[in-house]
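Participant: Got a structure for you, final.txt, holding compact mmCIF, C-alpha atoms.
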# COMPACT_ATOMS: atom_id res chain seq x y z
CA MET A 268 -25.89 -4.41 -12.41
CA LYS A 269 -29.03 -3.08 -14.09
CA LEU A 270 -29.48 0.62 -13.29
CA ALA A 271 -32.05 1.58 -15.92
CA SER A 272 -34.07 4.66 -14.92
CA TYR A 273 -32.36 5.02 -11.52
CA LEU A 274 -32.40 8.51 -10.03
CA LEU A 275 -29.16 9.84 -8.53
CA ILE A 276 -29.34 12.36 -5.67
CA ASP A 277 -26.10 13.89 -4.42
CA ALA A 278 -26.47 16.72 -1.89
CA SER A 279 -23.00 16.31 -0.38
CA SER A 280 -21.61 19.53 -1.89
CA PRO A 281 -21.90 22.72 0.20
CA ASN A 282 -22.75 24.70 -2.94
CA SER A 283 -25.23 22.68 -4.98
CA ALA A 284 -27.29 19.51 -5.32
CA ILE A 285 -27.03 17.06 -8.21
CA VAL A 286 -30.09 15.15 -9.37
CA ALA A 287 -29.78 12.98 -12.47
CA ARG A 288 -31.70 10.11 -14.06
CA LEU A 289 -30.11 7.28 -16.03
CA ASP A 290 -31.80 6.17 -19.24
CA ASP A 291 -32.98 2.66 -20.10
CA SER A 292 -29.43 1.50 -20.75
CA GLY A 293 -28.26 2.53 -17.28
CA ARG A 294 -25.14 3.98 -18.90
CA THR A 295 -26.26 7.41 -20.14
CA TRP A 296 -27.97 10.31 -18.44
CA ALA A 297 -31.51 10.92 -19.61
CA GLN A 298 -31.51 14.06 -17.45
CA PHE A 299 -28.76 15.75 -15.46
CA THR A 300 -29.30 18.79 -13.26
CA GLU A 301 -27.00 20.64 -10.90
CA GLU A 302 -29.16 22.92 -8.79
CA PRO A 303 -27.12 25.79 -7.30
CA SER A 304 -29.36 26.37 -4.30
CA ALA A 305 -29.90 25.04 -0.80
CA ALA A 306 -30.55 21.30 -0.63
CA LEU A 307 -34.07 21.70 0.76
CA GLU A 308 -35.24 23.58 -2.34
CA GLY A 309 -32.70 22.27 -4.82
CA ILE A 310 -33.34 18.55 -4.43
CA PHE A 311 -37.07 18.76 -5.00
CA THR A 312 -36.84 21.28 -7.86
CA ALA A 313 -34.31 19.13 -9.70
CA ALA A 314 -36.09 15.85 -8.90
CA GLU A 315 -39.31 17.18 -10.38
CA GLN A 316 -37.48 17.88 -13.63
CA ALA A 317 -35.56 14.58 -13.74
CA SER A 318 -38.26 12.16 -12.65
CA PRO A 319 -41.87 13.29 -12.99
CA GLN A 320 -43.98 12.20 -10.00
CA PHE A 321 -40.73 11.16 -8.25
CA SER A 322 -41.13 7.58 -9.49
CA PRO A 323 -37.74 6.17 -10.52
CA ALA A 324 -36.86 2.48 -10.78
CA GLY A 325 -34.45 3.01 -7.88
CA PHE A 326 -32.17 5.55 -6.23
CA LEU A 327 -28.43 6.18 -6.27
CA PHE A 328 -27.80 8.05 -3.02
CA CYS A 329 -24.63 9.87 -1.94
CA GLU A 330 -24.12 9.17 1.76
CA GLY A 331 -21.12 11.48 2.07
CA PRO A 332 -18.82 12.58 3.39
CA GLY A 333 -20.00 16.10 2.82
CA SER A 334 -22.77 18.42 3.91
CA ILE A 335 -24.55 16.51 6.67
CA LEU A 336 -27.67 18.66 6.38
CA GLY A 337 -27.88 18.28 2.61
CA ILE A 338 -27.28 14.53 2.72
CA ARG A 339 -29.91 13.98 5.40
CA ILE A 340 -32.45 16.06 3.48
CA ALA A 341 -31.79 13.82 0.49
CA ALA A 342 -32.13 10.73 2.68
CA ALA A 343 -35.42 12.01 4.11
CA ALA A 344 -36.76 12.66 0.61
CA ILE A 345 -35.93 9.10 -0.47
CA ARG A 346 -37.33 7.54 2.70
CA GLY A 347 -40.51 9.58 2.34
CA ARG A 348 -40.91 8.52 -1.27
CA ASN A 349 -40.51 4.84 -0.39
CA ALA A 350 -42.87 5.16 2.57
CA LEU A 351 -45.59 6.29 0.17
CA GLY A 352 -44.82 3.32 -2.07
CA PRO A 353 -44.16 1.44 -4.13
CA THR A 354 -40.77 0.75 -2.52
CA VAL A 355 -37.79 0.84 -4.86
CA PRO A 356 -34.12 -0.09 -4.24
CA VAL A 357 -31.74 2.45 -2.71
CA LEU A 358 -28.03 2.04 -3.49
CA ALA A 359 -25.55 4.25 -1.63
CA PHE A 360 -22.18 5.53 -2.77
CA GLN A 361 -19.52 7.63 -1.06
CA SER A 362 -18.50 10.98 -2.53
CA LEU A 363 -14.71 10.71 -2.27
CA ARG A 364 -14.54 7.16 -3.58
CA LEU A 365 -16.73 8.09 -6.53
CA LEU A 366 -14.53 11.12 -7.29
CA ALA A 367 -11.37 9.01 -7.07
CA THR A 368 -12.86 6.56 -9.56
CA LEU A 369 -13.99 9.34 -11.91
CA LEU A 370 -10.50 10.88 -11.80
CA LEU A 371 -8.84 7.53 -12.57
CA ARG A 372 -11.15 7.10 -15.56
CA ARG A 373 -10.65 10.66 -16.81
CA PHE A 374 -6.88 10.79 -16.19
CA PRO A 375 -5.52 7.24 -16.49
CA GLU A 376 -1.96 8.57 -16.25
CA GLU A 377 -2.65 9.60 -12.62
CA LYS A 378 -1.94 6.61 -10.37
CA ASN A 379 -1.03 8.14 -7.01
CA PHE A 380 -3.04 11.03 -5.67
CA THR A 381 -5.35 12.22 -2.91
CA VAL A 382 -8.92 13.49 -3.03
CA LEU A 383 -9.41 16.19 -0.38
CA ALA A 384 -12.61 17.78 0.94
CA GLU A 385 -13.32 20.05 3.89
CA SER A 386 -14.85 18.30 6.88
CA ARG A 387 -15.28 20.90 9.62
CA MET A 388 -13.26 23.79 11.00
CA ASN A 389 -9.55 22.93 10.82
CA ALA A 390 -10.24 19.41 9.58
CA TRP A 391 -10.31 17.69 6.17
CA ASN A 392 -11.54 14.40 4.79
CA LEU A 393 -9.15 12.65 2.45
CA LEU A 394 -9.04 9.49 0.37
CA SER A 395 -5.74 8.19 -0.95
CA VAL A 396 -5.16 6.46 -4.28
CA GLU A 397 -2.02 4.33 -4.64
CA GLY A 398 -1.07 2.45 -7.77
CA GLY A 399 -4.42 3.32 -9.30
CA ILE A 400 -6.37 1.72 -6.42
CA PRO A 401 -8.45 3.90 -4.06
CA ALA A 402 -8.20 3.22 -0.33
CA GLU A 403 -11.05 1.26 1.21
CA SER A 404 -12.21 4.24 3.26
CA PHE A 405 -11.62 7.94 3.77
CA ARG A 406 -10.17 9.49 6.92
CA GLU A 407 -10.25 12.84 8.67
CA VAL A 408 -7.09 14.81 9.42
CA LYS A 409 -6.40 18.17 11.04
CA THR A 410 -5.21 21.06 8.92
CA ALA A 411 -1.82 21.10 10.68
CA GLU A 412 -1.25 17.45 9.75
CA LEU A 413 -1.59 17.98 6.00
CA THR A 414 1.92 19.35 5.55
CA ASN A 415 3.41 16.24 7.18
CA LEU A 416 1.65 13.69 4.97
CA SER A 417 2.80 12.20 1.68
CA LEU A 418 -0.27 12.89 -0.43
CA GLY A 419 1.01 13.07 -4.00
CA LYS A 420 -1.07 15.26 -6.26
CA VAL A 421 -4.06 16.61 -4.32
CA PHE A 422 -7.44 17.13 -6.00
CA LEU A 423 -9.60 19.54 -3.98
CA LEU A 424 -13.40 19.48 -3.92
CA PRO A 425 -15.43 22.73 -3.70
CA GLN A 426 -15.39 24.33 -0.25
CA ARG A 427 -17.88 26.19 1.90
CA ARG A 428 -15.24 28.05 3.93
CA PRO A 429 -12.75 30.41 2.27
CA ALA A 430 -9.66 29.05 4.08
CA ALA A 431 -7.51 27.00 1.71
CA PRO A 432 -5.51 23.96 2.82
CA PRO A 433 -1.80 24.71 3.47
CA ILE A 434 -0.61 22.55 0.56
CA PRO A 435 -0.72 22.82 -3.26
CA THR A 436 -4.02 21.53 -4.67
CA THR A 437 -5.80 21.12 -8.00
CA PRO A 438 -9.48 22.16 -7.85
CA ILE A 439 -11.97 19.82 -9.48
CA ASP A 440 -15.62 20.10 -10.45
CA PRO A 441 -17.39 16.92 -9.25
CA ALA A 442 -20.59 17.68 -11.14
CA ARG A 443 -18.81 18.00 -14.49
CA LEU A 444 -16.81 14.80 -13.95
CA LEU A 445 -19.98 12.90 -13.13
CA GLN A 446 -21.98 14.44 -15.96
CA ASP A 447 -19.30 13.36 -18.44
CA ASP A 448 -19.11 9.77 -17.18
CA PRO A 449 -22.59 8.34 -16.49
CA ALA A 450 -21.36 4.75 -17.04
CA VAL A 451 -19.14 4.89 -13.95
CA PHE A 452 -21.68 3.02 -11.78
CA ALA A 453 -22.44 0.32 -14.34
CA ASP A 454 -18.72 -0.23 -14.92
CA THR A 455 -17.77 -0.07 -11.22
CA PRO A 456 -20.60 -1.75 -9.26
CA ALA A 457 -18.38 -1.96 -6.17
CA LEU A 458 -19.07 1.77 -5.68
CA LEU A 459 -22.66 0.92 -4.68
CA GLN A 460 -23.97 -0.67 -1.50
CA ASP A 461 -27.59 -1.60 -0.76
CA CYS A 462 -29.06 0.72 1.91
CA HIS A 463 -31.88 -1.74 2.62
CA GLY A 464 -34.24 1.21 2.40
CA LEU A 465 -32.50 3.23 5.13
CA PRO A 466 -30.27 5.88 3.53
CA ASP A 467 -28.36 8.14 5.94
CA ALA A 468 -25.24 10.29 6.14
CA THR A 469 -21.84 8.83 6.87
CA ASN A 470 -19.48 10.93 8.97
CA THR A 471 -16.11 10.45 10.67
CA SER A 472 -16.67 13.00 13.41
CA ALA A 473 -18.12 12.18 16.80
CA ALA A 474 -20.25 14.87 18.44
CA SER A 475 -17.66 15.17 21.22
CA GLY A 476 -15.04 16.19 18.65
CA TYR A 477 -16.68 19.49 17.70
CA ALA A 478 -15.62 22.74 19.33
CA LYS A 479 -18.22 24.00 21.80
CA TRP A 480 -19.29 27.61 22.18
CA THR A 481 -18.25 29.20 25.45
CA PRO A 482 -18.89 32.80 26.53
CA GLU A 483 -15.24 33.29 27.51
CA ARG A 484 -14.15 32.98 23.88
CA HIS A 485 -16.30 35.97 22.87
CA ARG A 486 -15.62 38.45 25.62
Would you write the structure of this file as structure tokens?

Facilitator:
Amino acid sequence: MKLASYLLIDASSPNSAIVARLDDSGRTWAQFTEEPSAALEGIFTAAEQASPQFSPAGFLFCEGPGSILGIRIAAAAIRGRNALGPTVPVLAFQSLRLLATLLLRRFPEEKNFTVLAESRMNAWNLLSVEGGIPAESFREVKTAELTNLSLGKVFLLPQRRPAAPPIPTTPIDPARLLQDDPAVFADTPALLQDCHGLPDATNTSAASGYAKWTPERHR
């Protein structure tokens, strides 16, 4: 897969946005920026640095799971850019599957582990890796369920909330893993799926699953 001069936008983290441009080989970063600010400001500031005039050959877009607001701001930026033309390809990847692949490449001795990320209050998204093969999809579990699952070593993504999961975890820095391994997409094309020009956020949670505010709870 030829990814020369593609621009990656990952706003799934609650703490920062990553914008990076691949060089002509599609295997090395020509520019890599982690902007530690809100997605609305961070994406455009970093994109201006990485791709002048916002004119890449295509986009690598993180559809989540992660910060829904950040991901949808990134999606809107890409849709707006393509609406103005010329249209370029948009290839989506999922955050947990990418991190599982990066971890397997960085630590080949690790074959059975879990990548864990906060989802919403008292809920976590997780992706299992067994025998060096990541699961096809991530799933959401409640905090109370974590202690009953066989998860192996657990790699924890950065959190927005201070509450830690009730199990031992190893924190990881997604930005550093990605910065150190720009060839991951060229070597693992199955990570990418064509958005057909319509990037959006992926999420496991239905609206009916969120806790609703009631006045009784605050009296």

Participant: In Å, with one decimal, what is the gap from CA of Gln426 (chain A) to CA of Pro375 (chain A)?

Facilitator: 25.6 Å

Participant: One number please: CA of Arg373 (chain A) to CA of Ser318 (chain A), in Å, one decimal.

Facilitator: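 We find that CA of Arg373 (chain A) and CA of Ser318 (chain A) lie 28.0 Å from each other.
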
Participant: So which one's closest to Ser362 (chain A), A:Leu274, A:Leu445, A:Leu336, A:Ala344? Using only C-alpha atoms, please.

Facilitator: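 The shortest atom-to-atom distance to Ser362 (chain A) comes from A:Leu445.
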
Participant: Excluding region 359-361 of chain A and residues on its chain fewer than 5 positions from it, collect all residues at most 10 Å away from it, counting all atoms listed in the file, and give them as a list in words.

Facilitator: Leu275, Ile276, Asp277, Ser279, Phe326, Leu327, Phe328, Cys329, Glu330, Gly331, Pro332, Gly333, Leu366, Ser404, Phe405, Phe452, Pro456, Ala457, Leu458, Leu459, Gln460, Asp461, Cys462, His463, Leu465, Pro466, Asp467, Ala468 and Thr469 of chain A

Participant: What gap, in Å, lies between CA of Ile434 (chain A) and CA of Glu377 (chain A)?

Facilitator: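 Distance reported for this atom pair: 18.6 Å.
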
Participant: Determine, using all atoms listed in the file, which residues of region 367-485 of chain A have any atom at most 12 Å from an atom of region 300-304 of chain A, and tabulate each with its shortest atom pair and distance in Å to one decimal place, rows ordered by chain and then rising number, as JSON lines.

Facilitator:
{"residue": "A:Asp440", "atom": "CA", "partner": "A:Glu301", "partner_atom": "CA", "distance": 11.4}
{"residue": "A:Pro441", "atom": "CA", "partner": "A:Glu301", "partner_atom": "CA", "distance": 10.4}
{"residue": "A:Ala442", "atom": "CA", "partner": "A:Glu301", "partner_atom": "CA", "distance": 7.1}
{"residue": "A:Arg443", "atom": "CA", "partner": "A:Glu301", "partner_atom": "CA", "distance": 9.3}
{"residue": "A:Leu445", "atom": "CA", "partner": "A:Glu301", "partner_atom": "CA", "distance": 10.7}
{"residue": "A:Gln446", "atom": "CA", "partner": "A:Thr300", "partner_atom": "CA", "distance": 8.9}

Participant: Can you sort out the box for region 379-385 of chain A, edges along x, y and z, all listed atoms in, 5 Å on every side, with centre and edge lengths in Å to one decimal, as AutoDock Vina command-line options?

Facilitator:
--center_x -7.2 --center_y 14.1 --center_z -1.6 --size_x 22.3 --size_y 21.9 --size_z 20.9
